[in-house]
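K.L.:
So here's query.pdb (PDB, N, CA and C atoms).
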MODEL        1
ATOM      1  N   MET A   1      88.851  -9.324  27.720  1.00  0.00           N
ATOM      2  CA  MET A   1      88.264  -8.064  28.149  1.00  0.00           C
ATOM      3  C   MET A   1      88.116  -7.164  26.921  1.00  0.00           C
ATOM      4  N   THR A   2      86.965  -6.555  26.799  1.00  0.00           N
ATOM      5  CA  THR A   2      86.726  -5.685  25.653  1.00  0.00           C
ATOM      6  C   THR A   2      87.554  -4.406  25.766  1.00  0.00           C
ATOM      7  N   THR A   3      87.761  -3.775  24.643  1.00  0.00           N
ATOM      8  CA  THR A   3      88.568  -2.557  24.613  1.00  0.00           C
ATOM      9  C   THR A   3      87.952  -1.446  25.446  1.00  0.00           C
ATOM     10  N   ALA A   4      86.644  -1.265  25.346  1.00  0.00           N
ATOM     11  CA  ALA A   4      85.982  -0.202  26.100  1.00  0.00           C
ATOM     12  C   ALA A   4      86.104  -0.439  27.602  1.00  0.00           C
ATOM     13  N   ALA A   5      85.911  -1.678  28.030  1.00  0.00           N
ATOM     14  CA  ALA A   5      86.022  -1.991  29.450  1.00  0.00           C
ATOM     15  C   ALA A   5      87.452  -1.807  29.933  1.00  0.00           C
ATOM     16  N   LEU A   6      88.414  -2.169  29.112  1.00  0.00           N
ATOM     17  CA  LEU A   6      89.820  -1.999  29.475  1.00  0.00           C
ATOM     18  C   LEU A   6      90.183  -0.522  29.617  1.00  0.00           C
ATOM     19  N   ILE A   7      89.684   0.296  28.729  1.00  0.00           N
ATOM     20  CA  ILE A   7      89.942   1.742  28.806  1.00  0.00           C
ATOM     21  C   ILE A   7      89.291   2.327  30.062  1.00  0.00           C
ATOM     22  N   MET A   8      88.051   1.945  30.336  1.00  0.00           N
ATOM     23  CA  MET A   8      87.373   2.439  31.541  1.00  0.00           C
ATOM     24  C   MET A   8      88.097   1.987  32.802  1.00  0.00           C
ATOM     25  N   ALA A   9      88.583   0.750  32.814  1.00  0.00           N
ATOM     26  CA  ALA A   9      89.317   0.251  33.977  1.00  0.00           C
ATOM     27  C   ALA A   9      90.628   1.018  34.150  1.00  0.00           C
ATOM     28  N   GLY A  10      91.301   1.351  33.054  1.00  0.00           N
ATOM     29  CA  GLY A  10      92.534   2.138  33.133  1.00  0.00           C
ATOM     30  C   GLY A  10      92.299   3.544  33.651  1.00  0.00           C
ATOM     31  N   VAL A  11      91.256   4.173  33.173  1.00  0.00           N
ATOM     32  CA  VAL A  11      90.923   5.520  33.638  1.00  0.00           C
ATOM     33  C   VAL A  11      90.510   5.482  35.110  1.00  0.00           C
ATOM     34  N   SER A  12      89.809   4.429  35.488  1.00  0.00           N
ATOM     35  CA  SER A  12      89.413   4.267  36.887  1.00  0.00           C
ATOM     36  C   SER A  12      90.636   4.132  37.785  1.00  0.00           C
ATOM     37  N   GLY A  13      91.590   3.332  37.373  1.00  0.00           N
ATOM     38  CA  GLY A  13      92.817   3.166  38.154  1.00  0.00           C
ATOM     39  C   GLY A  13      93.613   4.449  38.258  1.00  0.00           C
ATOM     40  N   THR A  14      93.678   5.185  37.175  1.00  0.00           N
ATOM     41  CA  THR A  14      94.376   6.463  37.182  1.00  0.00           C
ATOM     42  C   THR A  14      93.700   7.463  38.106  1.00  0.00           C
ATOM     43  N   SER A  15      92.378   7.478  38.084  1.00  0.00           N
ATOM     44  CA  SER A  15      91.639   8.375  38.969  1.00  0.00           C
ATOM     45  C   SER A  15      91.821   7.983  40.429  1.00  0.00           C
ATOM     46  N   ALA A  16      91.827   6.692  40.715  1.00  0.00           N
ATOM     47  CA  ALA A  16      92.050   6.230  42.090  1.00  0.00           C
ATOM     48  C   ALA A  16      93.440   6.613  42.571  1.00  0.00           C
ATOM     49  N   LEU A  17      94.430   6.469  41.707  1.00  0.00           N
ATOM     50  CA  LEU A  17      95.790   6.867  42.064  1.00  0.00           C
ATOM     51  C   LEU A  17      95.863   8.367  42.318  1.00  0.00           C
ATOM     52  N   GLY A  18      95.217   9.142  41.468  1.00  0.00           N
ATOM     53  CA  GLY A  18      95.176  10.589  41.672  1.00  0.00           C
ATOM     54  C   GLY A  18      94.500  10.974  42.981  1.00  0.00           C
ATOM     55  N   GLY A  19      93.402  10.309  43.297  1.00  0.00           N
ATOM     56  CA  GLY A  19      92.718  10.575  44.560  1.00  0.00           C
ATOM     57  C   GLY A  19      93.581  10.235  45.762  1.00  0.00           C
ATOM     58  N   ALA A  20      94.306   9.129  45.667  1.00  0.00           N
ATOM     59  CA  ALA A  20      95.196   8.741  46.766  1.00  0.00           C
ATOM     60  C   ALA A  20      96.338   9.740  46.929  1.00  0.00           C
ATOM     61  N   ILE A  21      96.861  10.230  45.833  1.00  0.00           N
ATOM     62  CA  ILE A  21      97.939  11.231  45.895  1.00  0.00           C
ATOM     63  C   ILE A  21      97.421  12.525  46.510  1.00  0.00           C
ATOM     64  N   ILE A  22      96.234  12.942  46.103  1.00  0.00           N
ATOM     65  CA  ILE A  22      95.644  14.166  46.656  1.00  0.00           C
ATOM     66  C   ILE A  22      95.473  14.042  48.164  1.00  0.00           C
ATOM     67  N   LEU A  23      94.946  12.907  48.609  1.00  0.00           N
ATOM     68  CA  LEU A  23      94.701  12.722  50.037  1.00  0.00           C
ATOM     69  C   LEU A  23      95.993  12.551  50.841  1.00  0.00           C
ATOM     70  N   ALA A  24      97.047  12.072  50.205  1.00  0.00           N
ATOM     71  CA  ALA A  24      98.309  11.840  50.915  1.00  0.00           C
ATOM     72  C   ALA A  24      99.139  13.114  51.091  1.00  0.00           C
ATOM     73  N   ARG A  25      98.896  14.114  50.265  1.00  0.00           N
ATOM     74  CA  ARG A  25      99.683  15.343  50.355  1.00  0.00           C
ATOM     75  C   ARG A  25      99.273  16.155  51.583  1.00  0.00           C
ATOM     76  N   PRO A  26     100.223  16.774  52.243  1.00  0.00           N
ATOM     77  CA  PRO A  26      99.873  17.578  53.423  1.00  0.00           C
ATOM     78  C   PRO A  26      99.200  18.895  53.015  1.00  0.00           C
ATOM     79  N   ALA A  27      98.309  19.354  53.861  1.00  0.00           N
ATOM     80  CA  ALA A  27      97.637  20.641  53.640  1.00  0.00           C
ATOM     81  C   ALA A  27      98.251  21.671  54.573  1.00  0.00           C
ATOM     82  N   ARG A  28      98.375  22.895  54.105  1.00  0.00           N
ATOM     83  CA  ARG A  28      99.009  23.954  54.898  1.00  0.00           C
ATOM     84  C   ARG A  28      98.019  24.794  55.675  1.00  0.00           C
ATOM     85  N   THR A  29      96.788  24.850  55.227  1.00  0.00           N
ATOM     86  CA  THR A  29      95.776  25.681  55.889  1.00  0.00           C
ATOM     87  C   THR A  29      94.530  24.846  56.165  1.00  0.00           C
ATOM     88  N   ALA A  30      93.638  25.391  56.981  1.00  0.00           N
ATOM     89  CA  ALA A  30      92.376  24.706  57.255  1.00  0.00           C
ATOM     90  C   ALA A  30      91.541  24.580  55.983  1.00  0.00           C
ATOM     91  N   GLN A  31      91.563  25.617  55.154  1.00  0.00           N
ATOM     92  CA  GLN A  31      90.834  25.556  53.888  1.00  0.00           C
ATOM     93  C   GLN A  31      91.434  24.489  52.973  1.00  0.00           C
ATOM     94  N   GLY A  32      92.741  24.332  53.046  1.00  0.00           N
ATOM     95  CA  GLY A  32      93.406  23.312  52.244  1.00  0.00           C
ATOM     96  C   GLY A  32      93.001  21.912  52.644  1.00  0.00           C
ATOM     97  N   VAL A  33      92.772  21.701  53.937  1.00  0.00           N
ATOM     98  CA  VAL A  33      92.321  20.391  54.421  1.00  0.00           C
ATOM     99  C   VAL A  33      90.971  20.052  53.802  1.00  0.00           C
ATOM    100  N   TYR A  34      90.039  20.984  53.855  1.00  0.00           N
ATOM    101  CA  TYR A  34      88.712  20.734  53.297  1.00  0.00           C
ATOM    102  C   TYR A  34      88.767  20.591  51.772  1.00  0.00           C
ATOM    103  N   GLY A  35      89.544  21.414  51.120  1.00  0.00           N
ATOM    104  CA  GLY A  35      89.689  21.299  49.671  1.00  0.00           C
ATOM    105  C   GLY A  35      90.287  19.963  49.269  1.00  0.00           C
ATOM    106  N   LYS A  36      91.279  19.510  50.035  1.00  0.00           N
ATOM    107  CA  LYS A  36      91.918  18.232  49.763  1.00  0.00           C
ATOM    108  C   LYS A  36      90.931  17.086  49.952  1.00  0.00           C
ATOM    109  N   ARG A  37      90.135  17.157  51.010  1.00  0.00           N
ATOM    110  CA  ARG A  37      89.142  16.113  51.253  1.00  0.00           C
ATOM    111  C   ARG A  37      88.099  16.058  50.146  1.00  0.00           C
ATOM    112  N   ILE A  38      87.648  17.218  49.716  1.00  0.00           N
ATOM    113  CA  ILE A  38      86.628  17.265  48.662  1.00  0.00           C
ATOM    114  C   ILE A  38      87.196  16.732  47.349  1.00  0.00           C
ATOM    115  N   ALA A  39      88.369  17.216  46.959  1.00  0.00           N
ATOM    116  CA  ALA A  39      88.969  16.788  45.690  1.00  0.00           C
ATOM    117  C   ALA A  39      89.322  15.307  45.715  1.00  0.00           C
ATOM    118  N   GLY A  40      89.875  14.829  46.822  1.00  0.00           N
ATOM    119  CA  GLY A  40      90.222  13.417  46.919  1.00  0.00           C
ATOM    120  C   GLY A  40      89.001  12.524  46.878  1.00  0.00           C
ATOM    121  N   THR A  41      87.951  12.921  47.580  1.00  0.00           N
ATOM    122  CA  THR A  41      86.718  12.145  47.581  1.00  0.00           C
ATOM    123  C   THR A  41      86.082  12.124  46.199  1.00  0.00           C
ATOM    124  N   MET A  42      86.115  13.252  45.510  1.00  0.00           N
ATOM    125  CA  MET A  42      85.556  13.296  44.155  1.00  0.00           C
ATOM    126  C   MET A  42      86.324  12.379  43.214  1.00  0.00           C
ATOM    127  N   ALA A  43      87.654  12.386  43.300  1.00  0.00           N
ATOM    128  CA  ALA A  43      88.468  11.536  42.427  1.00  0.00           C
ATOM    129  C   ALA A  43      88.227  10.059  42.728  1.00  0.00           C
ATOM    130  N   LEU A  44      88.136   9.705  44.006  1.00  0.00           N
ATOM    131  CA  LEU A  44      87.889   8.308  44.363  1.00  0.00           C
ATOM    132  C   LEU A  44      86.474   7.871  43.985  1.00  0.00           C
ATOM    133  N   SER A  45      85.513   8.764  44.099  1.00  0.00           N
ATOM    134  CA  SER A  45      84.147   8.451  43.682  1.00  0.00           C
ATOM    135  C   SER A  45      84.078   8.244  42.178  1.00  0.00           C
ATOM    136  N   PHE A  46      84.774   9.081  41.433  1.00  0.00           N
ATOM    137  CA  PHE A  46      84.843   8.939  39.983  1.00  0.00           C
ATOM    138  C   PHE A  46      85.462   7.591  39.617  1.00  0.00           C
ATOM    139  N   ALA A  47      86.508   7.197  40.342  1.00  0.00           N
ATOM    140  CA  ALA A  47      87.152   5.909  40.088  1.00  0.00           C
ATOM    141  C   ALA A  47      86.193   4.755  40.341  1.00  0.00           C
ATOM    142  N   LEU A  48      85.432   4.836  41.417  1.00  0.00           N
ATOM    143  CA  LEU A  48      84.481   3.776  41.726  1.00  0.00           C
ATOM    144  C   LEU A  48      83.393   3.683  40.662  1.00  0.00           C
ATOM    145  N   ILE A  49      82.871   4.811  40.243  1.00  0.00           N
ATOM    146  CA  ILE A  49      81.828   4.823  39.214  1.00  0.00           C
ATOM    147  C   ILE A  49      82.350   4.234  37.913  1.00  0.00           C
ATOM    148  N   LEU A  50      83.554   4.615  37.519  1.00  0.00           N
ATOM    149  CA  LEU A  50      84.116   4.079  36.287  1.00  0.00           C
ATOM    150  C   LEU A  50      84.435   2.596  36.402  1.00  0.00           C
ATOM    151  N   ALA A  51      84.866   2.147  37.572  1.00  0.00           N
ATOM    152  CA  ALA A  51      85.130   0.718  37.761  1.00  0.00           C
ATOM    153  C   ALA A  51      83.842  -0.089  37.629  1.00  0.00           C
ATOM    154  N   LEU A  52      82.764   0.408  38.210  1.00  0.00           N
ATOM    155  CA  LEU A  52      81.475  -0.274  38.070  1.00  0.00           C
ATOM    156  C   LEU A  52      80.995  -0.257  36.620  1.00  0.00           C
ATOM    157  N   PHE A  53      81.232   0.833  35.926  1.00  0.00           N
ATOM    158  CA  PHE A  53      80.855   0.932  34.520  1.00  0.00           C
ATOM    159  C   PHE A  53      81.665  -0.055  33.684  1.00  0.00           C
ATOM    160  N   ALA A  54      82.972  -0.161  33.951  1.00  0.00           N
ATOM    161  CA  ALA A  54      83.827  -1.109  33.219  1.00  0.00           C
ATOM    162  C   ALA A  54      83.380  -2.539  33.487  1.00  0.00           C
ATOM    163  N   TRP A  55      83.045  -2.838  34.742  1.00  0.00           N
ATOM    164  CA  TRP A  55      82.555  -4.169  35.084  1.00  0.00           C
ATOM    165  C   TRP A  55      81.253  -4.467  34.333  1.00  0.00           C
ATOM    166  N   GLY A  56      80.369  -3.489  34.283  1.00  0.00           N
ATOM    167  CA  GLY A  56      79.117  -3.663  33.550  1.00  0.00           C
ATOM    168  C   GLY A  56      79.331  -3.880  32.063  1.00  0.00           C
ATOM    169  N   LEU A  57      80.251  -3.129  31.474  1.00  0.00           N
ATOM    170  CA  LEU A  57      80.554  -3.314  30.063  1.00  0.00           C
ATOM    171  C   LEU A  57      81.098  -4.708  29.796  1.00  0.00           C
ATOM    172  N   GLU A  58      81.977  -5.161  30.657  1.00  0.00           N
ATOM    173  CA  GLU A  58      82.556  -6.494  30.473  1.00  0.00           C
ATOM    174  C   GLU A  58      81.502  -7.582  30.656  1.00  0.00           C
ATOM    175  N   ARG A  59      80.631  -7.398  31.619  1.00  0.00           N
ATOM    176  CA  ARG A  59      79.593  -8.384  31.881  1.00  0.00           C
ATOM    177  C   ARG A  59      78.601  -8.472  30.719  1.00  0.00           C
ATOM    178  N   MET A  60      78.255  -7.324  30.153  1.00  0.00           N
ATOM    179  CA  MET A  60      77.299  -7.313  29.040  1.00  0.00           C
ATOM    180  C   MET A  60      77.925  -7.866  27.760  1.00  0.00           C
ATOM    181  N   ALA A  61      79.240  -7.741  27.604  1.00  0.00           N
ATOM    182  CA  ALA A  61      79.911  -8.211  26.392  1.00  0.00           C
ATOM    183  C   ALA A  61      80.073  -9.724  26.403  1.00  0.00           C
ATOM    184  N   GLY A  62      80.148 -10.322  27.601  1.00  0.00           N
ATOM    185  CA  GLY A  62      80.453 -11.757  27.660  1.00  0.00           C
ATOM    186  C   GLY A  62      79.248 -12.541  27.877  1.00  0.00           C
TER
ENDMDL
END
Take the structure I supplied and represent it as structure tokens, if you would.

P.N.:
Amino acid sequence: MTTAALIMAGVSGTSALGGAIILARPARTAQGVYGKRIAGTMALSFALILALFAWGLERMAG
């Protein structure tokens, strides 16, 4: 695995973990529920995009 793809995969995993933590935490208010959903979805979307980018980098390198 190339260095760039490995770094992207690591950042993707970290973002996915962060998104899961955000979504797992309880919200105290109705606004907190929506904020948590938005932030968690953004983090998980970022993880997916970076995972696809890492896969593309690895595929193009090999």

K.L.:
Kindly indicate which residue among A:Leu17, A:Met8, A:Tyr34, A:Thr2 lies nearest to Phe53 (chain A), using all atoms listed in the file for the distances.

P.N.:
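Ranking A:Leu17, A:Met8, A:Tyr34, A:Thr2 by distance to Phe53 (chain A), first place goes to A:Met8.
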
K.L.:
Residue by residue, what does the PyMOL selection byres (((chain A and resi 46 and name CA) around 12) and name CA) grab here? Present the result as a count of residues only.

P.N.:
25

K.L.:
At what distance in Å, to one decimal, does atom C of Gly10 (chain A) lie from atom N of Ile38 (chain A)?

P.N.:
21.6 Å

K.L.:
Would you mind reading off the distance between atom C of Ile22 (chain A) and CA of Arg37 (chain A), one decimal, in Å?

P.N.:
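Atom C of Ile22 (chain A) sits 7.3 Å away from CA of Arg37 (chain A).
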
K.L.:
Work out how far apart atom N of Gly32 (chain A) and atom C of Ala20 (chain A) are and give it in Å to one decimal.

P.N.:
16.2 Å

K.L.:
As lines of an AutoDock Vina configuration file, please: the centre and edge lengths in Å, to one decimal, of an axis-aligned box enclosing every listed atom of region 17-26 of chain A with 3 Å added on each side.

P.N.:
center_x = 96.5
center_y = 12.7
center_z = 47.4
size_x = 13.5
size_y = 18.4
size_z = 18.0
